[in-house]
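Novice: This is protein-v1.txt, which holds compact mmCIF, C-alpha atoms:
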# COMPACT_ATOMS: atom_id res chain seq x y z
CA MET W 103 0.81 4.46 -57.96
CA PHE W 104 0.13 0.76 -57.51
CA ARG W 105 3.69 0.21 -56.24
CA TYR W 106 3.30 3.07 -53.75
CA LEU W 107 0.02 1.54 -52.57
CA ILE W 108 1.69 -1.84 -52.01
CA TYR W 109 4.53 -0.09 -50.15
CA ILE W 110 2.08 1.71 -47.85
CA ILE W 111 0.21 -1.52 -47.11
CA VAL W 112 3.47 -3.30 -46.26
CA VAL W 113 4.58 -0.45 -43.97
CA LEU W 114 1.21 -0.38 -42.20
CA ALA W 115 1.30 -4.15 -41.77
CA SER W 116 4.80 -4.01 -40.29
CA ILE W 117 3.74 -1.25 -37.87
CA GLY W 118 0.74 -3.33 -36.82
CA ASN W 119 2.98 -6.30 -36.15
CA THR W 120 5.29 -4.22 -33.95
CA LEU W 121 2.35 -2.93 -31.94
CA ALA W 122 0.97 -6.38 -31.15
CA GLN W 123 2.61 -9.22 -29.29
CA THR W 124 1.45 -12.77 -28.74
CA VAL W 125 2.57 -14.08 -25.38
CA ASP W 126 2.17 -17.52 -23.85
CA ALA W 127 1.77 -17.16 -20.09
CA VAL W 128 1.06 -19.52 -17.21
CA GLY W 129 -1.48 -19.06 -14.44
CA THR W 130 -2.35 -21.27 -11.48
CA ALA W 131 -5.36 -21.30 -9.15
CA ILE W 132 -6.65 -23.48 -6.34
CA ILE W 133 -9.85 -25.42 -7.02
CA TYR W 134 -12.42 -24.93 -4.28
CA ASN W 135 -15.46 -27.18 -3.91
CA GLY W 136 -14.76 -28.79 -7.28
CA ASP W 137 -15.53 -25.55 -9.18
CA ILE W 138 -13.25 -25.96 -12.22
CA ASN W 139 -14.73 -22.99 -14.09
CA ASP W 140 -14.01 -20.60 -11.23
CA ALA W 141 -10.42 -21.89 -10.91
CA ARG W 142 -9.94 -21.63 -14.69
CA TYR W 143 -11.14 -18.03 -14.63
CA ARG W 144 -8.79 -17.04 -11.80
CA ALA W 145 -5.83 -18.89 -13.36
CA THR W 146 -6.41 -17.09 -16.66
CA GLN W 147 -6.59 -13.73 -14.90
CA GLN W 148 -3.18 -14.47 -13.44
CA ALA W 149 -1.83 -15.51 -16.86
CA ILE W 150 -3.07 -12.24 -18.39
CA LYS W 151 -1.26 -10.21 -15.74
CA GLN W 152 1.90 -12.20 -16.48
CA ALA W 153 1.52 -11.62 -20.22
CA VAL W 154 1.06 -7.89 -19.75
CA LEU W 155 4.19 -7.66 -17.61
CA GLN W 156 6.17 -9.80 -20.06
CA SER W 157 5.12 -7.70 -23.04
CA SER W 158 6.39 -4.53 -21.34
CA SER W 159 3.34 -2.63 -22.49
CA ARG W 160 0.56 -0.59 -21.02
CA VAL W 161 -2.86 -2.17 -21.13
CA SER W 162 -6.46 -1.63 -20.31
CA VAL W 163 -7.74 -5.16 -20.29
CA LYS W 164 -11.27 -6.16 -21.14
CA ASP W 165 -11.26 -9.43 -22.91
CA ILE W 166 -12.88 -12.58 -23.97
CA LEU W 167 -11.63 -15.88 -22.68
CA ASN W 168 -12.46 -18.54 -25.28
CA ASN W 169 -11.59 -22.18 -24.79
CA GLY W 170 -14.88 -23.70 -25.87
CA GLN W 171 -16.19 -23.96 -22.33
CA LEU W 172 -15.94 -20.56 -20.70
CA ASN W 173 -17.27 -17.36 -22.25
CA SER W 174 -16.81 -14.83 -19.47
CA ASP W 175 -15.50 -11.31 -20.09
CA LEU W 176 -12.35 -10.52 -18.13
CA LYS W 177 -12.19 -6.98 -16.78
CA ILE W 178 -8.71 -6.41 -15.42
CA ARG W 179 -6.93 -3.06 -15.36
CA SER W 180 -3.30 -3.80 -16.10
CA ALA W 181 -0.43 -2.54 -18.17
CA GLY W 182 -1.51 -3.27 -21.74
CA ARG W 183 -4.46 -3.93 -24.02
CA VAL W 184 -5.29 -7.60 -24.37
CA GLN W 185 -7.19 -8.25 -27.58
CA HIS W 186 -7.67 -11.98 -27.18
CA ALA W 187 -6.87 -14.65 -24.60
CA LYS W 188 -7.17 -18.31 -25.50
CA ILE W 189 -6.39 -21.26 -23.27
CA ILE W 190 -4.14 -23.65 -25.17
CA SER W 191 -3.66 -26.19 -22.37
CA GLU W 192 -4.64 -26.85 -18.81
CA THR W 193 -3.42 -29.31 -16.22
CA GLN W 194 -5.04 -30.38 -12.98
CA LYS W 195 -2.80 -31.73 -10.23
CA GLY W 196 -4.72 -32.46 -7.08
CA ASP W 197 -6.76 -29.34 -6.44
CA PHE W 198 -4.41 -27.02 -8.34
CA LEU W 199 -5.34 -25.99 -11.88
CA THR W 200 -2.62 -24.64 -14.18
CA VAL W 201 -3.45 -23.07 -17.54
CA VAL W 202 -1.26 -21.95 -20.40
CA ALA W 203 -2.96 -19.08 -22.23
CA ARG W 204 -1.97 -17.56 -25.57
CA ILE W 205 -2.61 -13.84 -25.20
CA ASN W 206 -2.57 -11.20 -27.92
CA VAL W 207 -1.32 -7.99 -26.30
CA THR W 208 -1.34 -4.65 -28.11
CA ALA W 209 1.39 -2.34 -26.84
CA ASP W 210 0.44 1.26 -26.17
CA TYR W 211 4.00 2.01 -25.00
CA MET W 212 2.74 4.55 -22.49
CA CYS W 213 1.13 4.23 -19.11
CA SER W 214 -1.89 6.39 -18.39
CA ASN W 215 0.34 8.66 -16.29
CA GLY W 216 2.92 8.96 -19.09
CA ALA W 217 5.46 6.52 -17.63
CA THR W 218 7.39 4.61 -20.28
CA ASN W 219 10.62 3.60 -18.50
CA TYR W 220 11.66 0.00 -17.95
CA TYR W 221 14.04 0.51 -15.03
CA LYS W 222 13.88 -1.94 -12.15
CA LYS W 223 12.41 -0.13 -9.18
CA SER W 224 13.85 -1.08 -5.79
CA VAL W 225 11.60 -2.49 -3.07
CA ALA W 226 12.42 -3.19 0.58
CA ILE W 227 10.48 -6.10 2.13
CA THR W 228 10.14 -5.74 5.91
CA GLY W 229 9.22 -8.41 8.42
CA PHE W 230 5.57 -9.53 8.46
CA SER W 231 3.76 -9.34 11.79
CA LEU W 232 1.87 -12.43 12.97
CA GLU W 233 -1.38 -11.21 14.50
CA HIS W 234 -2.04 -14.32 16.63
CA ARG W 235 1.29 -15.76 17.75
CA GLN W 236 -0.26 -18.79 19.44
CA GLN W 237 -1.39 -20.07 16.03
CA ALA W 238 2.24 -20.73 15.10
CA SER W 239 2.49 -23.57 17.64
CA LEU W 240 0.93 -26.02 15.16
CA GLY W 241 3.89 -27.14 13.08
CA ALA W 242 6.35 -24.93 15.00
CA LEU W 243 5.96 -22.03 12.55
CA GLY W 244 7.32 -19.41 14.95
CA ASN W 245 9.84 -18.27 12.31
CA ILE W 246 7.10 -17.30 9.83
CA SER W 247 7.37 -13.54 10.49
CA ARG W 248 10.86 -13.44 8.96
CA GLU W 249 10.94 -16.47 6.67
CA LEU W 250 7.68 -15.70 4.84
CA PRO W 251 8.81 -12.20 3.69
CA LYS W 252 12.15 -13.72 2.58
CA ASP W 253 10.24 -16.13 0.36
CA PHE W 254 8.08 -13.23 -0.83
CA THR W 255 11.28 -11.35 -1.76
CA ASP W 256 12.44 -14.35 -3.79
CA ALA W 257 9.05 -14.58 -5.52
CA ILE W 258 9.23 -10.92 -6.57
CA ASN W 259 12.78 -11.27 -7.88
CA LYS W 260 11.81 -14.37 -9.88
CA GLN W 261 9.27 -12.23 -11.71
CA GLY W 262 12.18 -10.08 -12.89
CA PHE W 263 10.40 -6.69 -12.99
CA LEU W 264 11.43 -5.27 -9.60
CA ARG W 265 14.57 -5.42 -7.46
CA ALA W 266 13.46 -6.64 -4.04
CA LEU W 267 15.69 -6.52 -0.96
CA ALA W 268 14.92 -8.44 2.23
CA ALA W 269 14.85 -6.34 5.41
CA THR W 270 12.95 -8.82 7.56
CA ASN W 271 14.68 -7.64 10.75
CA ILE W 272 12.50 -4.51 10.58
CA ALA W 273 9.06 -4.72 12.21
CA LEU W 274 6.89 -1.91 10.86
CA TYR W 275 3.76 -2.48 12.97
CA PRO W 276 4.02 -2.55 16.77
CA ASP W 277 0.22 -2.90 16.76
CA SER W 278 -0.58 -5.30 13.92
CA ILE W 279 -4.33 -5.31 14.60
CA ASN W 280 -4.66 -1.73 13.35
CA ALA W 281 -2.22 -2.07 10.44
CA PRO W 282 -1.62 -0.39 8.06
CA SER W 283 -2.07 2.51 10.49
CA LEU W 284 1.16 3.25 12.32
CA THR W 285 1.23 4.22 15.98
CA GLN W 286 4.00 6.84 15.84
CA SER W 287 3.96 9.48 18.59
CA ASP W 288 3.37 12.18 15.96
CA ASN W 289 0.88 9.98 14.04
CA THR W 290 2.92 10.08 10.82
CA LEU W 291 4.46 7.60 8.40
CA THR W 292 7.99 8.89 9.01
CA ASP W 293 9.27 5.36 9.73
CA VAL W 294 8.51 4.31 6.15
CA VAL W 295 10.49 7.24 4.74
CA ARG W 296 13.36 6.62 7.14
CA ILE W 297 13.51 2.92 6.26
CA ALA W 298 13.48 3.67 2.53
CA GLN W 299 16.26 6.24 2.90
CA LYS W 300 18.35 3.92 5.06
CA LEU W 301 18.02 1.00 2.64
CA GLY W 302 18.16 3.13 -0.51
CA THR W 303 14.90 1.82 -1.95
CA GLN W 304 12.03 3.50 -3.75
CA TYR W 305 9.26 1.47 -2.11
CA VAL W 306 8.66 -0.34 1.17
CA VAL W 307 6.44 -3.43 1.29
CA SER W 308 5.13 -4.72 4.59
CA GLY W 309 2.60 -7.32 5.57
CA VAL W 310 0.51 -8.81 8.35
CA ILE W 311 -0.19 -12.53 8.64
CA ARG W 312 -3.76 -12.33 9.85
CA ASP W 313 -4.63 -16.00 10.29
CA ILE W 314 -2.89 -19.39 10.15
CA ALA W 315 -5.36 -21.17 12.45
CA PRO W 316 -6.49 -24.78 11.97
CA LEU W 317 -10.12 -25.20 10.91
CA TYR W 318 -10.52 -28.48 12.77
CA ILE W 319 -10.76 -29.29 16.47
CA ARG W 320 -7.41 -30.15 18.02
CA ARG W 321 -7.24 -32.10 21.25
CA PRO W 322 -3.54 -32.85 21.66
CA ASN W 323 -3.93 -33.82 25.33
CA ASP W 324 -6.67 -36.34 24.61
CA PRO W 325 -5.08 -39.81 24.19
CA TYR W 326 -8.14 -40.96 22.23
CA ALA W 327 -8.11 -38.03 19.77
CA SER W 328 -6.87 -39.00 16.34
CA THR W 329 -4.64 -35.98 15.68
CA ASP W 330 -2.77 -37.89 12.97
CA ASP W 331 -5.85 -38.25 10.80
CA LYS W 332 -4.94 -36.37 7.61
CA SER W 333 -8.43 -36.20 6.16
CA GLU W 334 -10.26 -32.83 6.24
CA LYS W 335 -7.53 -31.17 8.31
CA GLN W 336 -7.72 -27.70 6.84
CA ARG W 337 -5.86 -24.58 7.87
CA ASP W 338 -6.35 -20.88 7.09
CA PHE W 339 -3.79 -18.68 5.42
CA VAL W 340 -4.73 -14.99 5.40
CA LEU W 341 -2.12 -12.40 4.43
CA ASP W 342 -2.37 -8.62 4.03
CA ILE W 343 0.19 -6.89 1.78
CA TYR W 344 0.87 -3.12 1.94
CA ILE W 345 2.99 -1.11 -0.53
CA TYR W 346 4.32 2.32 0.50
CA ASP W 347 6.06 5.04 -1.49
CA GLY W 348 9.45 5.46 0.16
CA PHE W 349 9.74 9.17 -0.66
CA SER W 350 6.45 10.35 0.83
CA GLY W 351 5.37 7.44 3.05
CA ALA W 352 2.03 7.26 1.22
CA LEU W 353 0.19 3.92 1.15
CA LEU W 354 -0.13 3.05 -2.56
CA PHE W 355 -1.70 -0.40 -2.51
CA GLN W 356 -3.14 -2.96 -0.13
CA LYS W 357 -4.69 -6.34 -0.72
CA ARG W 358 -5.80 -9.33 1.34
CA TYR W 359 -5.03 -12.87 0.19
CA SER W 360 -7.20 -15.53 1.83
CA GLU W 361 -6.70 -19.24 1.10
CA ILE W 362 -7.25 -22.60 2.77
CA GLY W 363 -4.84 -25.54 2.64
CA ASN W 364 -4.80 -29.07 4.00
CA TRP W 365 -2.51 -29.63 6.98
CA ASP W 366 -1.76 -33.16 5.79
CA ILE W 367 0.87 -34.08 8.38
CA SER W 368 0.78 -35.03 12.04
CA ASP W 369 -0.26 -32.37 14.53
CA HIS W 370 2.86 -33.34 16.50
CA ALA W 371 5.24 -32.61 13.60
CA LYS W 372 7.52 -29.62 14.16
CA VAL W 373 8.39 -28.78 10.59
CA GLY W 374 9.12 -25.03 10.89
CA PHE W 375 8.07 -22.56 8.22
CA GLY W 376 9.96 -22.82 4.95
CA SER W 377 11.57 -26.20 5.60
CA ALA W 378 11.76 -28.83 2.86
CA GLN W 379 9.06 -30.83 4.65
CA PHE W 380 6.82 -27.75 4.96
CA TRP W 381 6.85 -27.14 1.18
CA THR W 382 5.85 -30.75 0.49
CA THR W 383 2.59 -30.31 2.40
CA HIS W 384 -0.57 -29.21 0.65
CA TYR W 385 -0.65 -26.18 2.95
CA GLY W 386 2.91 -25.25 1.93
CA LYS W 387 1.96 -25.45 -1.76
CA VAL W 388 -1.00 -23.15 -1.14
CA VAL W 389 1.29 -20.66 0.63
CA LYS W 390 3.81 -20.77 -2.23
CA GLU W 391 1.11 -20.13 -4.84
CA THR W 392 -0.25 -17.23 -2.76
CA LEU W 393 3.23 -15.68 -2.61
CA ARG W 394 3.54 -16.00 -6.38
CA GLU W 395 0.18 -14.31 -6.91
CA SER W 396 1.06 -11.46 -4.56
CA ALA W 397 4.44 -11.02 -6.28
CA ILE W 398 2.67 -10.67 -9.65
CA ASP W 399 0.26 -8.13 -8.15
CA THR W 400 3.12 -6.12 -6.62
CA SER W 401 4.98 -6.02 -9.96
CA GLU W 402 1.82 -5.04 -11.80
CA LYS W 403 0.89 -2.26 -9.36
CA LEU W 404 4.35 -0.67 -9.58
CA ARG W 405 4.76 -1.23 -13.33
CA CYS W 406 3.62 2.26 -14.36
CA GLN W 407 5.01 4.20 -11.42
CA PRO W 408 7.86 6.60 -12.28
CA PHE W 409 11.42 5.49 -11.56
CA MET W 410 13.00 7.59 -8.80
CA ALA W 411 16.43 7.65 -7.18
CA ASN W 412 18.15 9.84 -4.61
CA ILE W 413 21.03 12.18 -5.36
CA PHE W 414 23.61 11.46 -2.66
CA ARG W 415 26.59 13.58 -3.77
CA THR W 416 27.29 16.66 -5.90
CA GLU W 417 30.67 17.81 -7.20
CA GLY W 418 30.90 20.54 -9.82
CA LYS W 419 28.72 19.53 -12.75
CA GLN W 420 28.61 15.91 -11.57
CA ILE W 421 25.94 14.36 -9.38
CA HIS W 422 25.95 10.85 -7.92
CA ILE W 423 22.67 8.93 -8.14
CA ALA W 424 21.72 5.96 -5.95
CA ALA W 425 20.83 3.68 -8.88
CA GLY W 426 23.11 1.81 -11.24
CA SER W 427 23.33 -1.05 -13.70
CA VAL W 428 21.41 -3.48 -11.47
CA SER W 429 18.44 -1.13 -11.89
CA GLY W 430 18.92 -0.96 -15.65
CA VAL W 431 20.55 2.48 -15.79
CA LYS W 432 22.86 2.96 -18.81
CA ALA W 433 25.32 5.60 -19.97
CA GLY W 434 23.49 8.21 -22.03
CA ASP W 435 20.21 7.93 -20.10
CA LYS W 436 18.56 11.20 -19.15
CA PHE W 437 16.65 12.01 -15.98
CA LYS W 438 14.74 15.00 -14.67
CA VAL W 439 15.90 16.57 -11.40
CA TYR W 440 13.33 17.26 -8.68
CA ARG W 441 14.00 19.23 -5.51
CA ARG W 442 12.85 17.76 -2.23
CA TYR W 443 11.05 19.97 0.30
CA GLU W 444 9.52 19.20 3.67
CA ILE W 445 6.22 20.95 4.27
CA PHE W 446 3.77 20.79 7.17
CA ASP W 447 0.03 20.35 7.03
CA GLN W 448 -2.53 22.07 9.27
CA ASP W 449 -1.77 19.58 12.06
CA GLN W 450 1.97 20.24 11.69
CA LYS W 451 2.59 16.80 10.27
CA PRO W 452 5.61 16.74 7.94
CA GLU W 453 5.02 15.86 4.28
CA THR W 454 7.52 15.46 1.45
CA GLN W 455 7.02 17.58 -1.65
CA LEU W 456 8.97 17.10 -4.90
CA ASN W 457 9.15 20.08 -7.26
CA ASN W 458 10.34 19.88 -10.87
CA ALA W 459 13.57 21.88 -11.12
CA ASN W 460 13.36 21.89 -14.94
CA ILE W 461 16.88 20.48 -15.06
CA SER W 462 18.06 17.40 -16.97
CA VAL W 463 21.01 15.21 -16.10
CA THR W 464 22.77 12.86 -18.53
CA ILE W 465 24.34 9.66 -17.17
CA LYS W 466 28.06 9.44 -17.97
CA GLN W 467 29.33 6.58 -15.78
CA VAL W 468 27.50 3.57 -14.40
CA GLN W 469 28.45 1.30 -11.50
CA PRO W 470 26.36 -1.62 -10.20
CA ASN W 471 24.68 0.37 -7.41
CA PHE W 472 25.17 4.00 -8.42
CA SER W 473 25.64 6.26 -11.42
CA ILE W 474 27.38 9.54 -12.16
CA GLY W 475 25.46 12.10 -14.17
CA GLU W 476 26.46 15.43 -15.64
CA LEU W 477 24.52 18.70 -15.48
CA SER W 478 24.80 21.57 -17.95
CA VAL W 479 26.29 23.87 -15.28
CA ASP W 480 27.67 23.59 -11.75
CA ALA W 481 25.28 21.93 -9.28
CA LYS W 482 25.73 24.79 -6.79
CA ILE W 483 24.56 27.32 -9.35
CA LEU W 484 21.45 25.22 -9.98
CA ASN W 485 21.04 24.60 -6.23
CA VAL W 486 21.01 20.82 -6.73
CA GLN W 487 21.79 19.17 -3.40
CA PRO W 488 22.07 15.71 -1.84
CA HIS W 489 18.65 14.22 -1.01
CA ASP W 490 17.17 15.78 -4.11
CA VAL W 491 15.73 13.25 -6.57
CA VAL W 492 15.99 12.22 -10.21
CA ILE W 493 12.90 10.86 -11.96
CA ALA W 494 12.26 9.03 -15.22
CA TRP W 495 8.67 8.80 -16.46
Is it possible to give me this structure as structure tokens?
Specialist:
Amino acid sequence: MFRYLIYIIVVLASIGNTLAQTVDAVGTAIIYNGDINDARYRATQQAIKQAVLQSSSRVSVKDILNNGQLNSDLKIRSAGRVQHAKIISETQKGDFLTVVARINVTADYMCSNGATNYYKKSVAITGFSLEHRQQASLGALGNISRELPKDFTDAINKQGFLRALAATNIALYPDSINAPSLTQSDNTLTDVVRIAQKLGTQYVVSGVIRDIAPLYIRRPNDPYASTDDKSEKQRDFVLDIYIYDGFSGALLFQKRYSEIGNWDISDHAKVGFGSAQFWTTHYGKVVKETLRESAIDTSEKLRCQPFMANIFRTEGKQIHIAAGSVSGVKAGDKFKVYRRYEIFDQDQKPETQLNNANISVTIKQVQPNFSIGELSVDAKILNVQPHDVVIAW
């Protein structure tokens, strides 16, 4: 009996160890008005999101930050349950504070909606509209509408949880002031669905650069104005990010990022957005950190969404799926088949409806960008057609 008791204790202990993970994660925040505690709090929030993503677990976060100085409760809804977060080091460089936090994450292994897959969902990043084009004259940042989303794409891919594709030649908002509303003639989001289908992605991310104006008085035509004075030359950076579901066109997430950076170069300098000189400026560093934060948020928001891919070909029992090894699909994986229907609401606006066909498909062959799955019977008998969808929860 005593031996059995010891055995049970050992088994329970081993299960407990598998359900908990300790993750060291890094977070960075900008220090405003010398408020170190506020920056520490925001940097630790970012580190917790990173830890949750790294642990590949589902979390409801409500935790104590304990470094001997700060005793605030963190209330962040993410993808796992954080039991304890402790700052083990922090570094201040200029007005940037970076913390390394040791975070104890308990894995629930299921999202609240039942999603448990770890496939890389595909995301198309469109061009970002610049609301006030004249603001780009300072520093010759006229290329920001295409270069900024390219850098955002890179930031998402560096996170490693999504597969982001740059489509910065596409401008989603003819009227950026009213974004994210689209001014289609039929008042629908059909452009989002069309873009996703054309690019073969599950999500579409767009953005609007709301403000990059200087916060100081510029008098470039005044020979006595000291435009080269680098002190207190601050500049706004306000960015709105929008995430759409590519199958329905629904807006899933939106967030505004508002920061201020120092434009610590000459007003006459024509650096261009994304140049080596641009990234050396304080303003460039603020922009880069904002892109990193928004990439973390995008990954976290899509973490527990189901993985979906189009069926683009059927032949006998075989169906071809627009997702392959780059998305993490492997031979032997199983997906559920959903039929796609177009329905119309009371205003005759088209909507996409996906119905569970109660059919499973098993992946037999995998290529980088597509897979071949096998059904139990002929696809025609089951009425499985191209443009239907496979889903993994």
Novice: I'd like the interatomic distance between CA of Trp495 (chain W) and CA of Ile461 (chain W), to a tenth of an Å.
Specialist: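 Going from CA of Trp495 (chain W) over to CA of Ile461 (chain W), I get 14.3 Å.
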Novice: Do you know which residues are at most 10 Å from Arg415 (chain W) counting only C-alpha atoms, after dropping those on the same chain fewer than 2 positions away, and could you put them as a PyMOL selection string?
Specialist: chain W and resi 412-413+417+420-424+474+486-490
Novice: Which polymer residues, protein or nucleic acid, are no farther than 6 Å from (4.6, -4.4, 0.0), counting all atoms listed in the file, as an MDAnalysis selection string?
Specialist: chainID W and resid 306:308 343:345
Novice: Could you name the residues that touch Val202 (chain W) at 10 Å or less, counting all atoms listed in the file, but leaving out those on the same chain fewer than 2 positions away, as an mmCIF file with C-alpha atoms, in the coordinates of the input?
Specialist:
data_model
loop_
_atom_site.group_PDB
_atom_site.id
_atom_site.type_symbol
_atom_site.label_atom_id
_atom_site.label_comp_id
_atom_site.auth_asym_id
_atom_site.auth_seq_id
_atom_site.Cartn_x
_atom_site.Cartn_y
_atom_site.Cartn_z
ATOM 1 C CA ASP W 126 2.170 -17.520 -23.850
ATOM 2 C CA ALA W 127 1.770 -17.160 -20.090
ATOM 3 C CA VAL W 128 1.060 -19.520 -17.210
ATOM 4 C CA GLY W 129 -1.480 -19.060 -14.440
ATOM 5 C CA THR W 130 -2.350 -21.270 -11.480
ATOM 6 C CA ALA W 145 -5.830 -18.890 -13.360
ATOM 7 C CA THR W 146 -6.410 -17.090 -16.660
ATOM 8 C CA ALA W 149 -1.830 -15.510 -16.860
ATOM 9 C CA LYS W 188 -7.170 -18.310 -25.500
ATOM 10 C CA ILE W 189 -6.390 -21.260 -23.270
ATOM 11 C CA ILE W 190 -4.140 -23.650 -25.170
ATOM 12 C CA SER W 191 -3.660 -26.190 -22.370
ATOM 13 C CA GLU W 192 -4.640 -26.850 -18.810
ATOM 14 C CA THR W 193 -3.420 -29.310 -16.220
ATOM 15 C CA THR W 200 -2.620 -24.640 -14.180
ATOM 16 C CA ARG W 204 -1.970 -17.560 -25.570
ATOM 17 C CA ILE W 205 -2.610 -13.840 -25.200
#
Novice: Point out the residue among W:Gly374, W:Pro408, W:Gly363, W:Gly351 with the least atom-to-atom distance to Lys390 (chain W), counting only C-alpha atoms.
Specialist: W:Gly363
Novice: Leaving out Ala411 (chain W) and any residue of its chain fewer than 6 positions from it, which residues lie within 10 Å of it when counting only C-alpha atoms, given as a PDB file with C-alpha atoms, keeping the file's coordinate frame?
Specialist:
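The new file part-v4.pdb reads:
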ATOM      1  CA  LYS W 223      12.410  -0.130  -9.180  1.00  0.00           C
ATOM      2  CA  SER W 224      13.850  -1.080  -5.790  1.00  0.00           C
ATOM      3  CA  GLY W 302      18.160   3.130  -0.510  1.00  0.00           C
ATOM      4  CA  THR W 303      14.900   1.820  -1.950  1.00  0.00           C
ATOM      5  CA  GLN W 304      12.030   3.500  -3.750  1.00  0.00           C
ATOM      6  CA  PHE W 349       9.740   9.170  -0.660  1.00  0.00           C
ATOM      7  CA  ILE W 423      22.670   8.930  -8.140  1.00  0.00           C
ATOM      8  CA  ALA W 424      21.720   5.960  -5.950  1.00  0.00           C
ATOM      9  CA  ALA W 425      20.830   3.680  -8.880  1.00  0.00           C
ATOM     10  CA  GLY W 426      23.110   1.810 -11.240  1.00  0.00           C
ATOM     11  CA  PHE W 437      16.650  12.010 -15.980  1.00  0.00           C
ATOM     12  CA  VAL W 439      15.900  16.570 -11.400  1.00  0.00           C
ATOM     13  CA  PHE W 472      25.170   4.000  -8.420  1.00  0.00           C
ATOM     14  CA  HIS W 489      18.650  14.220  -1.010  1.00  0.00           C
ATOM     15  CA  ASP W 490      17.170  15.780  -4.110  1.00  0.00           C
ATOM     16  CA  VAL W 491      15.730  13.250  -6.570  1.00  0.00           C
ATOM     17  CA  VAL W 492      15.990  12.220 -10.210  1.00  0.00           C
ATOM     18  CA  ILE W 493      12.900  10.860 -11.960  1.00  0.00           C
ATOM     19  CA  ALA W 494      12.260   9.030 -15.220  1.00  0.00           C
TER      20      ALA W 494
END
Novice: Between W:Ala226, W:Ile246, W:Ala153, W:Ile258, single out the one closest to Ile398 (chain W), counting only C-alpha atoms.
Specialist: W:Ile258
Novice: Hey, what's within 9 Å of Ala273 (chain W) if we count all atoms listed in the file and toss same-chain stuff fewer than 6 positions away? As a list of chain:residue names, please?
Specialist: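 Contacts, in chain order: W:Thr228, W:Gly229, W:Phe230, W:Ser231, W:Ser308.
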Novice: Which residues are close to Lys466 (chain W), i.e. within 10 Å by all atoms listed in the file, leaving aside same-chain residues fewer than 5 positions away? Reply as an NGL selection string.
Specialist: :W and (420 or 432-436 or 473-476)
Novice: With C-alpha atoms retained, could you export that selection as a short mmCIF file (atom, residue, chain, number, x, y, z; two decimals), in the frame of the given file?
Specialist:
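Now in part-v4.cif:
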data_model
loop_
_atom_site.label_atom_id
_atom_site.label_comp_id
_atom_site.auth_asym_id
_atom_site.auth_seq_id
_atom_site.Cartn_x
_atom_site.Cartn_y
_atom_site.Cartn_z
CA GLN W 420 28.61 15.91 -11.57
CA LYS W 432 22.86 2.96 -18.81
CA ALA W 433 25.32 5.60 -19.97
CA GLY W 434 23.49 8.21 -22.03
CA ASP W 435 20.21 7.93 -20.10
CA LYS W 436 18.56 11.20 -19.15
CA SER W 473 25.64 6.26 -11.42
CA ILE W 474 27.38 9.54 -12.16
CA GLY W 475 25.46 12.10 -14.17
CA GLU W 476 26.46 15.43 -15.64
#
Novice: Give the answer as one residue: which of W:His186, W:Lys438, W:Arg248, W:Arg337 has the shortest atom-to-atom distance to Phe375 (chain W), using only C-alpha atoms?
Specialist: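 Checking each candidate against Phe375 (chain W), we get W:Arg248 as the closest.
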Novice: Between CA of Ala203 (chain W) and CA of Val388 (chain W), what is the spacing in Å?
Specialist: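 Pair CA of Val388 (chain W) / CA of Ala203 (chain W) returns 21.6 Å.
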Novice: Rounded to one decimal in Å, what is the spacing between CA of Gln156 (chain W) and CA of Gln123 (chain W)?
Specialist: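 Spanning CA of Gln156 (chain W) to CA of Gln123 (chain W) is a straight-line distance of 9.9 Å.
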Novice: Between W:Gln448, W:Thr383, W:Asn460, W:Thr454, which is the closest to Gly241 (chain W) once you count only C-alpha atoms?
Specialist: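 Nearest to Gly241 (chain W): W:Thr383.
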